[in-house]
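For reference, the structure is listed below as structure tokens.
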Amino acid sequence: QVRRYSYNDGLQSSTFTEAVGKGQDGTLYFGSIHGINYLNPMRIEDNPYKSAVSISDFKIHNIDISPGISYFGKVVLDQSINLTKEITLNYKQNNFLFEFTGTNYANTAENHFRYKLYGYDSDWIHETGNRRFAAYSNLKPGKYTFWVDAANNDGIWNDTPKEISIKILPAPWFSIWAYFVYFILTAGVILGFIFFLNNRQKLRHQIELKNIQYDKDKEINELKLIFFTDVAHEFKTPLSLIIGPLNDLVRKSITDDHRDFCFKIISRNTKRMMFLISQLLDFRTLNANKNILKISESDLSDFISQITKAFLWQAKNEEINFNVITPETFQCFFDRDLIEKVVYNLLSNAFKYTPANGIVEIEVKSVWNSNKQIGNIIVRDSGKGIPDEQKGKIFERFFHGNDRSSSGIGLHLSYSLIKAHKGELNVADSAYGGAEFIVTIPVSENNYEDFEFNDLKGQNRITDVFLPEIEVSKKEVAEERESILIVEDDHDLRAYLKNCLHINYKVMEAQNGIDGLKKATVNLPDIIVADVMMPEMDGIEMCKRLKANHETSHIPVLMLTAKTAQEQQNEGLDAGAWDYITKPFNTQSLLKKIDNIIDSRNSFRNTIFNPGLSIELKKHYTPFDQKLISKAIAVIESNIGNENYSVENFAVDVGFSRMQLHRKLKSLVGYSATEFINTIKINYATKMFDNGCDRINEAMESVGINSYSHFNKLFKKVIGKTASDYIAEKRFKDGE
């Protein structure tokens, strides 16, 4: 063990010299600056007396606190601090100091103290006799306990510490009553704020409702405008098929066959317009919630068979397999007029979306359910079908889906009519890959009220809305004539256009944009006449794709549209259409526009080798077509003297296969690849003759042709005379 002793423990001095000695009895001798210190370590004993501890002073803000005197607005001590067991302080008195002392006077400097403020200090704090105080500042309101203990100079603790309880009161604004007031005020503010927010939310909700109502009204108005625009489009097609044939009938120079054809077209489309008007009236009646049922007893099988006759011509003309499956007889009660309109709408849609060689089928069934007889009419097709996400919406008013080729009321009207007939109209996927519409109606007499029956009960009415089939003239067209592709979803209008054009042109037909795009790519017609609004793909999209395809980009497209707004026509012109003609149109105007387009295209062919091509002609051909011709001419001229330069080399240099290049040049300039190369060479030789060259062999060598007879043959074919005659005429003119 090591113990430290100093002058305070009885040594003469705390500073020693090097003189050290030890006696025979174990006494140690140490020299110091004031004499000799000697001691026997075996006889040294620790101080056995414990040191009691006392609190000698208490200060607040470094002011001594005396008993009975008020400090900072409050009397702190009633008696001396050493006798006090508990102190209560206010919020201003939270900076204080305790002074303490011990009762060991043998060596006060070596006394030790430890203190702790429970509630603030986590461990005991140790001090020596030279630092006999404990100070605390800025204590929070609460309860604390101050403990202090003392040890004598040999480190023996008293183990009976002095204890004082301290309570610091909070400020008035942190008291329980203050917090209660704060709670009341906060609750009032929150409630007021909530009241304000609720009023504001109500006001905002009212504004949103008005905005929603405004947007809804605006949307409804927009839908109405779209609806009436599309209804107008549906009217313009039959109007075109009335006005066009009428204009043809006014002219006297038409054949008897064409006159009969015009009469049938006019009659058919007049009644078609009556049917459309009837649809609109039914639409208005249904919206007015009026009863429209006129139930009568009829043979449903025979009635459906009569309706289907109206579609036999369309099925034959479009090569669609039309199947009618009915029982021999099905005598029941139903509204003939309503069922006729619904079946016609469903069959019209089926034929519209069914491609050539497809299937349209209508089936009539008699079903018994819970002793009630039910009539089922099922219309199936092999068209593109209806996506699952649209099946629940197609019966909504004005719903078009991705198709804007109709007014959007047909299916909604059919659905409403069947609902008025106390039945159901559902849609599903057909076994043929398209759509299947199932009409379910009650057909027993007891299913209807007395006022719902027709006064002429049981009278059969033969449908007269539709005419028998119209035979289309099928005269053969010479292969060398200009070819025209008609892309139109309305079969009557398509048949009429074909009948008007087949005499002068080779006519091809397509019933929608997809079919038209496919036939245009395969056949490369000289001109395309296309409707704007069609199912599957409209005319605008078809035109864009044609112009984006390098093989078909040169084909002029003439648009037929019922929309007369300039911005709508600009949309088609921006897509690459050559021109527009609006419905109803004059047949002679249509034919004249077609002739003008073909004349302009021929002008392009005739001036294709002329670098000064007019802007009016250029704007109708894509930059690719213009660059292709320029590149083709440049490639040939750069190899003009190479006698081994072949069509295969030409195709590789231009960037096409031989077959693609042949088809493109044939459609664009009317020449095959070989004819195009030869024409460039002969034109080059002609320029040489014009510039003073009078030797045919020199010109032949320049353009890479060795055979004089071959050169002369080509020259005569392109220029119309032999090279020698051309040179002779040139000399004669120069001589004049």
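Quick note on naming: the chains in the structure tokens go A, B, ... in the order shown, residues restart at 1 in each chain, and ligands are numbered from 1 in order of appearance.
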DSSP strand (DSSP E) residues within segment 21-80 of chain A, listed as a list in words: Gly21, Lys22, Leu28, Tyr29, Phe30, Gly31, Ser32, Gly35, Ile36, Asn37, Tyr38, Leu39, Val53, Ser54, Ile55, Ser56, Asp57, Phe58, Lys59, Ile60, Ile63, Asp64, Ser70, Tyr71, Lys74 and Val75 of chain A
For the selection you just gave me, I'd like the residues written to a file as an mmCIF file, in the first residue's frame, keeping N, CA, C and O atoms.
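Saved as again-v5.cif:
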```
data_model
loop_
_atom_site.group_PDB
_atom_site.id
_atom_site.type_symbol
_atom_site.label_atom_id
_atom_site.label_comp_id
_atom_site.auth_asym_id
_atom_site.auth_seq_id
_atom_site.Cartn_x
_atom_site.Cartn_y
_atom_site.Cartn_z
ATOM 1 N N GLY A 21 17.827 6.717 6.049
ATOM 2 C CA GLY A 21 18.469 5.683 6.868
ATOM 3 C C GLY A 21 17.454 4.805 7.544
ATOM 4 O O GLY A 21 16.265 5.147 7.607
ATOM 5 N N LYS A 22 17.909 3.673 8.081
ATOM 6 C CA LYS A 22 17.020 2.729 8.751
ATOM 7 C C LYS A 22 17.722 2.183 10.001
ATOM 8 O O LYS A 22 18.852 1.724 9.926
ATOM 9 N N LEU A 28 12.612 4.396 10.296
ATOM 10 C CA LEU A 28 13.095 5.006 9.061
ATOM 11 C C LEU A 28 13.432 6.459 9.335
ATOM 12 O O LEU A 28 12.691 7.167 10.043
ATOM 13 N N TYR A 29 14.576 6.924 8.734
ATOM 14 C CA TYR A 29 15.038 8.293 8.938
ATOM 15 C C TYR A 29 15.094 8.992 7.571
ATOM 16 O O TYR A 29 15.673 8.459 6.624
ATOM 17 N N PHE A 30 14.479 10.182 7.561
ATOM 18 C CA PHE A 30 14.446 10.959 6.319
ATOM 19 C C PHE A 30 14.949 12.358 6.601
ATOM 20 O O PHE A 30 14.498 12.996 7.577
ATOM 21 N N GLY A 31 15.851 12.813 5.772
ATOM 22 C CA GLY A 31 16.357 14.161 5.940
ATOM 23 C C GLY A 31 15.495 15.150 5.197
ATOM 24 O O GLY A 31 15.045 14.874 4.095
ATOM 25 N N SER A 32 15.234 16.293 5.770
ATOM 26 C CA SER A 32 14.458 17.346 5.131
ATOM 27 C C SER A 32 15.163 18.663 5.316
ATOM 28 O O SER A 32 16.165 18.752 6.027
ATOM 29 N N GLY A 35 15.152 19.517 9.098
ATOM 30 C CA GLY A 35 15.621 18.560 10.103
ATOM 31 C C GLY A 35 15.335 17.141 9.688
ATOM 32 O O GLY A 35 15.102 16.861 8.509
ATOM 33 N N ILE A 36 15.384 16.243 10.697
ATOM 34 C CA ILE A 36 15.210 14.812 10.443
ATOM 35 C C ILE A 36 13.805 14.410 10.851
ATOM 36 O O ILE A 36 13.310 14.755 11.921
ATOM 37 N N ASN A 37 13.147 13.629 9.970
ATOM 38 C CA ASN A 37 11.852 13.011 10.262
ATOM 39 C C ASN A 37 12.092 11.514 10.414
ATOM 40 O O ASN A 37 12.737 10.905 9.564
ATOM 41 N N TYR A 38 11.600 10.935 11.466
ATOM 42 C CA TYR A 38 11.764 9.493 11.640
ATOM 43 C C TYR A 38 10.441 8.906 12.059
ATOM 44 O O TYR A 38 9.643 9.530 12.739
ATOM 45 N N LEU A 39 10.253 7.672 11.692
ATOM 46 C CA LEU A 39 8.986 6.995 11.982
ATOM 47 C C LEU A 39 9.192 5.501 11.850
ATOM 48 O O LEU A 39 10.081 5.031 11.134
ATOM 49 N N VAL A 53 -20.958 15.101 9.141
ATOM 50 C CA VAL A 53 -21.075 16.129 8.116
ATOM 51 C C VAL A 53 -22.183 17.097 8.492
ATOM 52 O O VAL A 53 -23.211 16.712 9.040
ATOM 53 N N SER A 54 -21.966 18.358 8.217
ATOM 54 C CA SER A 54 -22.948 19.405 8.500
ATOM 55 C C SER A 54 -23.014 20.331 7.289
ATOM 56 O O SER A 54 -22.017 20.541 6.583
ATOM 57 N N ILE A 55 -24.238 20.893 7.052
ATOM 58 C CA ILE A 55 -24.398 21.905 6.004
ATOM 59 C C ILE A 55 -24.248 23.249 6.662
ATOM 60 O O ILE A 55 -25.029 23.630 7.551
ATOM 61 N N SER A 56 -23.204 23.923 6.238
ATOM 62 C CA SER A 56 -22.854 25.167 6.920
ATOM 63 C C SER A 56 -23.504 26.392 6.296
ATOM 64 O O SER A 56 -23.666 27.409 6.993
ATOM 65 N N ASP A 57 -23.878 26.347 5.043
ATOM 66 C CA ASP A 57 -24.447 27.535 4.423
ATOM 67 C C ASP A 57 -25.288 27.119 3.219
ATOM 68 O O ASP A 57 -25.073 26.065 2.603
ATOM 69 N N PHE A 58 -26.287 28.002 2.873
ATOM 70 C CA PHE A 58 -27.162 27.795 1.718
ATOM 71 C C PHE A 58 -27.301 29.125 1.002
ATOM 72 O O PHE A 58 -27.632 30.145 1.629
ATOM 73 N N LYS A 59 -27.021 29.160 -0.317
ATOM 74 C CA LYS A 59 -27.060 30.391 -1.086
ATOM 75 C C LYS A 59 -27.991 30.223 -2.297
ATOM 76 O O LYS A 59 -28.041 29.153 -2.912
ATOM 77 N N ILE A 60 -28.707 31.301 -2.607
ATOM 78 C CA ILE A 60 -29.525 31.371 -3.830
ATOM 79 C C ILE A 60 -29.032 32.555 -4.631
ATOM 80 O O ILE A 60 -28.977 33.675 -4.100
ATOM 81 N N ILE A 63 -26.402 34.457 -2.946
ATOM 82 C CA ILE A 63 -26.777 35.273 -1.777
ATOM 83 C C ILE A 63 -27.011 34.339 -0.606
ATOM 84 O O ILE A 63 -27.782 33.370 -0.720
ATOM 85 N N ASP A 64 -26.353 34.616 0.535
ATOM 86 C CA ASP A 64 -26.548 33.797 1.737
ATOM 87 C C ASP A 64 -27.984 33.914 2.210
ATOM 88 O O ASP A 64 -28.525 35.027 2.331
ATOM 89 N N SER A 70 -37.211 37.090 3.633
ATOM 90 C CA SER A 70 -37.761 36.842 2.303
ATOM 91 C C SER A 70 -36.715 37.136 1.239
ATOM 92 O O SER A 70 -36.078 38.192 1.263
ATOM 93 N N TYR A 71 -36.596 36.202 0.344
ATOM 94 C CA TYR A 71 -35.699 36.375 -0.808
ATOM 95 C C TYR A 71 -36.489 36.043 -2.081
ATOM 96 O O TYR A 71 -37.134 35.003 -2.161
ATOM 97 N N LYS A 74 -40.186 35.339 -1.372
ATOM 98 C CA LYS A 74 -40.620 34.184 -0.583
ATOM 99 C C LYS A 74 -39.609 33.919 0.536
ATOM 100 O O LYS A 74 -38.389 33.999 0.307
ATOM 101 N N VAL A 75 -40.112 33.579 1.768
ATOM 102 C CA VAL A 75 -39.238 33.159 2.871
ATOM 103 C C VAL A 75 -38.821 31.727 2.608
ATOM 104 O O VAL A 75 -39.661 30.841 2.463
#
```
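Excluding Gly423 of chain A itself and same-chain residues fewer than 3 positions from it, the residues having an atom within 12 Å of it are Phe334, Asp335, Leu338, Ile339, Ile374, Gly375, Asn376, Ile377, Ser414, Tyr415, Ser416, Leu417, Ile418, Lys419, Ala420, Asn426, Ile438, Val439, Thr440, Ile441, Pro442, Val443, Asn447 and Tyr448 of chain A, counting only C-alpha atoms.
Taking atom CA of Ala577 of chain A and atom CA of Ile265 of chain A as the two end points, the separation is 28.5 Å.
The space separating atom CA of Arg4 of chain A from atom CA of Asn111 of chain A comes to 13.5 Å.
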When you look at Asn512 of chain A with a cut-off of 9 Å (counting only C-alpha atoms), what residues show up, excluding the ones that are within fewer than 2 positions of it in the same chain? I need them as a PDB file with N, CA, C and O atoms, in the first residue's frame.
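Final output, saved to part-v9.pdb:
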```
ATOM      1  N   LYS A 352     -70.557  -5.117 -90.937  1.00  0.00           N
ATOM      2  CA  LYS A 352     -69.576  -4.032 -91.018  1.00  0.00           C
ATOM      3  C   LYS A 352     -68.198  -4.493 -90.535  1.00  0.00           C
ATOM      4  O   LYS A 352     -67.168  -4.113 -91.094  1.00  0.00           O
ATOM      5  N   TYR A 353     -68.167  -5.326 -89.499  1.00  0.00           N
ATOM      6  CA  TYR A 353     -66.889  -5.700 -88.891  1.00  0.00           C
ATOM      7  C   TYR A 353     -66.421  -7.100 -89.287  1.00  0.00           C
ATOM      8  O   TYR A 353     -65.456  -7.602 -88.734  1.00  0.00           O
ATOM      9  N   PRO A 355     -64.749  -9.470 -92.092  1.00  0.00           N
ATOM     10  CA  PRO A 355     -63.969  -9.370 -93.331  1.00  0.00           C
ATOM     11  C   PRO A 355     -64.499 -10.324 -94.398  1.00  0.00           C
ATOM     12  O   PRO A 355     -65.364 -11.177 -94.139  1.00  0.00           O
ATOM     13  N   VAL A 487     -61.814   2.405-101.058  1.00  0.00           N
ATOM     14  CA  VAL A 487     -61.829   1.956 -99.662  1.00  0.00           C
ATOM     15  C   VAL A 487     -63.017   2.629 -98.986  1.00  0.00           C
ATOM     16  O   VAL A 487     -62.970   3.818 -98.664  1.00  0.00           O
ATOM     17  N   GLU A 488     -64.093   1.885 -98.800  1.00  0.00           N
ATOM     18  CA  GLU A 488     -65.345   2.459 -98.285  1.00  0.00           C
ATOM     19  C   GLU A 488     -66.094   1.363 -97.530  1.00  0.00           C
ATOM     20  O   GLU A 488     -66.245   0.237 -98.032  1.00  0.00           O
ATOM     21  N   ASP A 489     -66.539   1.657 -96.309  1.00  0.00           N
ATOM     22  CA  ASP A 489     -67.214   0.638 -95.506  1.00  0.00           C
ATOM     23  C   ASP A 489     -68.680   0.472 -95.899  1.00  0.00           C
ATOM     24  O   ASP A 489     -69.273  -0.570 -95.617  1.00  0.00           O
ATOM     25  N   ALA A 510     -62.102  -2.339-101.142  1.00  0.00           N
ATOM     26  CA  ALA A 510     -61.728  -2.710 -99.774  1.00  0.00           C
ATOM     27  C   ALA A 510     -62.773  -2.111 -98.849  1.00  0.00           C
ATOM     28  O   ALA A 510     -63.264  -1.013 -99.069  1.00  0.00           O
ATOM     29  N   ILE A 514     -57.813  -1.253 -92.879  1.00  0.00           N
ATOM     30  CA  ILE A 514     -56.839  -2.351 -92.807  1.00  0.00           C
ATOM     31  C   ILE A 514     -56.825  -3.130 -94.118  1.00  0.00           C
ATOM     32  O   ILE A 514     -55.762  -3.441 -94.674  1.00  0.00           O
ATOM     33  N   ASP A 515     -58.039  -3.442 -94.605  1.00  0.00           N
ATOM     34  CA  ASP A 515     -58.143  -4.154 -95.881  1.00  0.00           C
ATOM     35  C   ASP A 515     -57.570  -3.296 -97.015  1.00  0.00           C
ATOM     36  O   ASP A 515     -56.865  -3.785 -97.907  1.00  0.00           O
ATOM     37  N   GLY A 516     -57.858  -1.986 -96.991  1.00  0.00           N
ATOM     38  CA  GLY A 516     -57.340  -1.089 -98.021  1.00  0.00           C
ATOM     39  C   GLY A 516     -55.828  -0.991 -97.993  1.00  0.00           C
ATOM     40  O   GLY A 516     -55.168  -0.980 -99.039  1.00  0.00           O
ATOM     41  N   LEU A 517     -55.237  -0.927 -96.790  1.00  0.00           N
ATOM     42  CA  LEU A 517     -53.778  -0.851 -96.659  1.00  0.00           C
ATOM     43  C   LEU A 517     -53.120  -2.109 -97.227  1.00  0.00           C
ATOM     44  O   LEU A 517     -52.113  -2.045 -97.938  1.00  0.00           O
ATOM     45  N   ALA A 530     -60.804   6.957-100.726  1.00  0.00           N
ATOM     46  CA  ALA A 530     -61.064   6.377 -99.406  1.00  0.00           C
ATOM     47  C   ALA A 530     -61.976   7.269 -98.587  1.00  0.00           C
ATOM     48  O   ALA A 530     -61.872   8.500 -98.623  1.00  0.00           O
ATOM     49  N   ASP A 531     -62.886   6.628 -97.843  1.00  0.00           N
ATOM     50  CA  ASP A 531     -63.715   7.350 -96.877  1.00  0.00           C
ATOM     51  C   ASP A 531     -62.859   7.688 -95.654  1.00  0.00           C
ATOM     52  O   ASP A 531     -61.878   7.001 -95.354  1.00  0.00           O
ATOM     53  N   MET A 534     -64.209   5.033 -91.016  1.00  0.00           N
ATOM     54  CA  MET A 534     -64.397   3.614 -91.302  1.00  0.00           C
ATOM     55  C   MET A 534     -64.051   2.812 -90.061  1.00  0.00           C
ATOM     56  O   MET A 534     -63.267   3.270 -89.215  1.00  0.00           O
ATOM     57  N   PRO A 535     -64.603   1.606 -89.928  1.00  0.00           N
ATOM     58  CA  PRO A 535     -64.210   0.746 -88.811  1.00  0.00           C
ATOM     59  C   PRO A 535     -62.810   0.179 -89.023  1.00  0.00           C
ATOM     60  O   PRO A 535     -62.216   0.328 -90.092  1.00  0.00           O
ATOM     61  N   GLU A 536     -62.309  -0.470 -87.998  1.00  0.00           N
ATOM     62  CA  GLU A 536     -60.988  -1.110 -88.019  1.00  0.00           C
ATOM     63  C   GLU A 536     -59.869  -0.071 -88.083  1.00  0.00           C
ATOM     64  O   GLU A 536     -59.052   0.053 -87.195  1.00  0.00           O
ATOM     65  N   MET A 537     -59.831   0.711 -89.162  1.00  0.00           N
ATOM     66  CA  MET A 537     -58.834   1.775 -89.324  1.00  0.00           C
ATOM     67  C   MET A 537     -59.449   2.857 -90.203  1.00  0.00           C
ATOM     68  O   MET A 537     -59.989   2.570 -91.268  1.00  0.00           O
ATOM     69  N   ASP A 538     -59.412   4.116 -89.745  1.00  0.00           N
ATOM     70  CA  ASP A 538     -60.025   5.181 -90.531  1.00  0.00           C
ATOM     71  C   ASP A 538     -59.113   5.598 -91.681  1.00  0.00           C
ATOM     72  O   ASP A 538     -57.959   5.176 -91.785  1.00  0.00           O
ATOM     73  N   GLY A 539     -59.668   6.457 -92.554  1.00  0.00           N
ATOM     74  CA  GLY A 539     -58.924   6.854 -93.748  1.00  0.00           C
ATOM     75  C   GLY A 539     -57.681   7.672 -93.433  1.00  0.00           C
ATOM     76  O   GLY A 539     -56.671   7.577 -94.144  1.00  0.00           O
TER      77      GLY A 539
END
```
Atomic separation - atom CA of Glu86 of chain A relative to atom CA of Phe133 of chain A, Å: 18.5 Å
Write out as an mmCIF file with all heavy atoms, in the first residue's frame each polymer residue whose atoms come within 12 Å of Asp123 of chain A, counting only C-alpha atoms; drop sequence neighbours fewer than 5 positions from it.
```
data_model
loop_
_atom_site.group_PDB
_atom_site.id
_atom_site.type_symbol
_atom_site.label_atom_id
_atom_site.label_comp_id
_atom_site.auth_asym_id
_atom_site.auth_seq_id
_atom_site.Cartn_x
_atom_site.Cartn_y
_atom_site.Cartn_z
ATOM 1 N N ARG A 114 -18.587 13.625 -0.457
ATOM 2 C CA ARG A 114 -19.314 13.188 -1.660
ATOM 3 C C ARG A 114 -20.772 13.642 -1.544
ATOM 4 O O ARG A 114 -21.334 13.617 -0.451
ATOM 5 C CB ARG A 114 -19.244 11.667 -1.843
ATOM 6 C CG ARG A 114 -19.830 10.869 -0.697
ATOM 7 C CD ARG A 114 -19.637 9.384 -0.939
ATOM 8 N NE ARG A 114 -20.179 8.599 0.183
ATOM 9 C CZ ARG A 114 -20.120 7.277 0.280
ATOM 10 N NH1 ARG A 114 -19.500 6.569 -0.676
ATOM 11 N NH2 ARG A 114 -20.637 6.656 1.317
ATOM 12 N N TYR A 115 -21.326 14.057 -2.655
ATOM 13 C CA TYR A 115 -22.705 14.547 -2.630
ATOM 14 C C TYR A 115 -23.413 14.118 -3.923
ATOM 15 O O TYR A 115 -22.791 13.780 -4.926
ATOM 16 C CB TYR A 115 -22.762 16.062 -2.454
ATOM 17 C CG TYR A 115 -22.159 16.856 -3.589
ATOM 18 C CD1 TYR A 115 -22.928 17.210 -4.701
ATOM 19 C CD2 TYR A 115 -20.827 17.254 -3.549
ATOM 20 C CE1 TYR A 115 -22.367 17.944 -5.736
ATOM 21 C CE2 TYR A 115 -20.267 17.982 -4.577
ATOM 22 C CZ TYR A 115 -21.045 18.329 -5.686
ATOM 23 O OH TYR A 115 -20.495 19.031 -6.718
ATOM 24 N N LYS A 116 -24.754 14.160 -3.855
ATOM 25 C CA LYS A 116 -25.572 13.747 -5.005
ATOM 26 C C LYS A 116 -26.949 14.379 -4.871
ATOM 27 O O LYS A 116 -27.536 14.375 -3.791
ATOM 28 C CB LYS A 116 -25.689 12.219 -5.046
ATOM 29 C CG LYS A 116 -26.497 11.693 -6.224
ATOM 30 C CD LYS A 116 -26.528 10.175 -6.199
ATOM 31 C CE LYS A 116 -27.262 9.617 -7.409
ATOM 32 N NZ LYS A 116 -27.317 8.138 -7.393
ATOM 33 N N LEU A 117 -27.441 14.912 -5.990
ATOM 34 C CA LEU A 117 -28.798 15.469 -6.042
ATOM 35 C C LEU A 117 -29.675 14.486 -6.818
ATOM 36 O O LEU A 117 -29.618 14.397 -8.049
ATOM 37 C CB LEU A 117 -28.800 16.849 -6.722
ATOM 38 C CG LEU A 117 -30.148 17.578 -6.742
ATOM 39 C CD1 LEU A 117 -30.607 17.917 -5.324
ATOM 40 C CD2 LEU A 117 -30.076 18.856 -7.582
ATOM 41 N N TYR A 118 -30.432 13.703 -6.057
ATOM 42 C CA TYR A 118 -31.308 12.718 -6.687
ATOM 43 C C TYR A 118 -32.380 13.433 -7.520
ATOM 44 O O TYR A 118 -33.008 14.370 -7.056
ATOM 45 C CB TYR A 118 -31.981 11.843 -5.621
ATOM 46 C CG TYR A 118 -31.059 10.791 -5.052
ATOM 47 C CD1 TYR A 118 -30.320 11.058 -3.891
ATOM 48 C CD2 TYR A 118 -30.933 9.552 -5.658
ATOM 49 C CE1 TYR A 118 -29.467 10.107 -3.359
ATOM 50 C CE2 TYR A 118 -30.074 8.584 -5.125
ATOM 51 C CZ TYR A 118 -29.342 8.864 -3.980
ATOM 52 O OH TYR A 118 -28.496 7.924 -3.458
ATOM 53 N N TRP A 147 -28.123 14.805 -0.993
ATOM 54 C CA TRP A 147 -27.382 13.962 -0.045
ATOM 55 C C TRP A 147 -25.926 14.427 -0.049
ATOM 56 O O TRP A 147 -25.341 14.664 -1.091
ATOM 57 C CB TRP A 147 -27.410 12.484 -0.469
ATOM 58 C CG TRP A 147 -28.791 11.862 -0.477
ATOM 59 C CD1 TRP A 147 -29.768 12.013 -1.371
ATOM 60 C CD2 TRP A 147 -29.291 10.976 0.513
ATOM 61 N NE1 TRP A 147 -30.880 11.287 -1.074
ATOM 62 C CE2 TRP A 147 -30.611 10.614 0.112
ATOM 63 C CE3 TRP A 147 -28.776 10.433 1.707
ATOM 64 C CZ2 TRP A 147 -31.420 9.754 0.852
ATOM 65 C CZ3 TRP A 147 -29.576 9.559 2.436
ATOM 66 C CH2 TRP A 147 -30.900 9.223 2.020
#
```
Distance query Tyr432 of chain A at most 8 Å, only C-alpha atoms, self and fewer than 5 positions along chain excluded, as a PyMOL selection string: chain A and resi 359+380-382
DSSP helix (DSSP H, G or I) residues within segment 237-312 of chain A, listed as a PyMOL selection string: chain A and resi 237-250+256-287+300-312
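Shortest atom-to-atom contact with Ser430 of chain A among A:Leu558, A:Ala19, A:Ile386, A:Ile125: A:Ile386, counting only C-alpha atoms.
Of the listed residues A:Thr308, A:Asn158, A:Gln314, A:Ser483, the one whose atoms come nearest to Glu361 of chain A is A:Thr308, with distances taken using only C-alpha atoms.
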Minimum-distance residue to Ala728 of chain A, chosen among A:Phe676, A:Tyr91, A:Phe183, A:Phe689 (using only C-alpha atoms): A:Phe689
Residue neighbourhood Arg695 of chain A, 12 Å, only C-alpha atoms, exclusion window fewer than 5 positions, as a PDB file with C-alpha atoms, in the first residue's frame:
```
ATOM      1  CA  ALA A 685     -27.013  11.111-125.646  1.00  0.00           C
ATOM      2  CA  THR A 686     -29.645  13.613-126.819  1.00  0.00           C
ATOM      3  CA  MET A 688     -24.666  15.490-126.386  1.00  0.00           C
ATOM      4  CA  PHE A 689     -26.263  15.943-129.825  1.00  0.00           C
ATOM      5  CA  ASP A 690     -27.825  19.229-128.676  1.00  0.00           C
ATOM      6  CA  MET A 700     -22.937   5.347-127.969  1.00  0.00           C
ATOM      7  CA  GLU A 701     -19.556   4.985-126.286  1.00  0.00           C
ATOM      8  CA  SER A 702     -20.425   7.712-123.765  1.00  0.00           C
ATOM      9  CA  TYR A 708     -25.710   0.482-133.201  1.00  0.00           C
ATOM     10  CA  ALA A 723     -30.380   9.291-133.971  1.00  0.00           C
ATOM     11  CA  SER A 724     -29.302  10.140-137.534  1.00  0.00           C
ATOM     12  CA  TYR A 726     -32.402  13.763-134.978  1.00  0.00           C
ATOM     13  CA  ILE A 727     -28.894  15.001-135.910  1.00  0.00           C
ATOM     14  CA  ALA A 728     -30.045  15.905-139.419  1.00  0.00           C
TER      15      ALA A 728
END
```
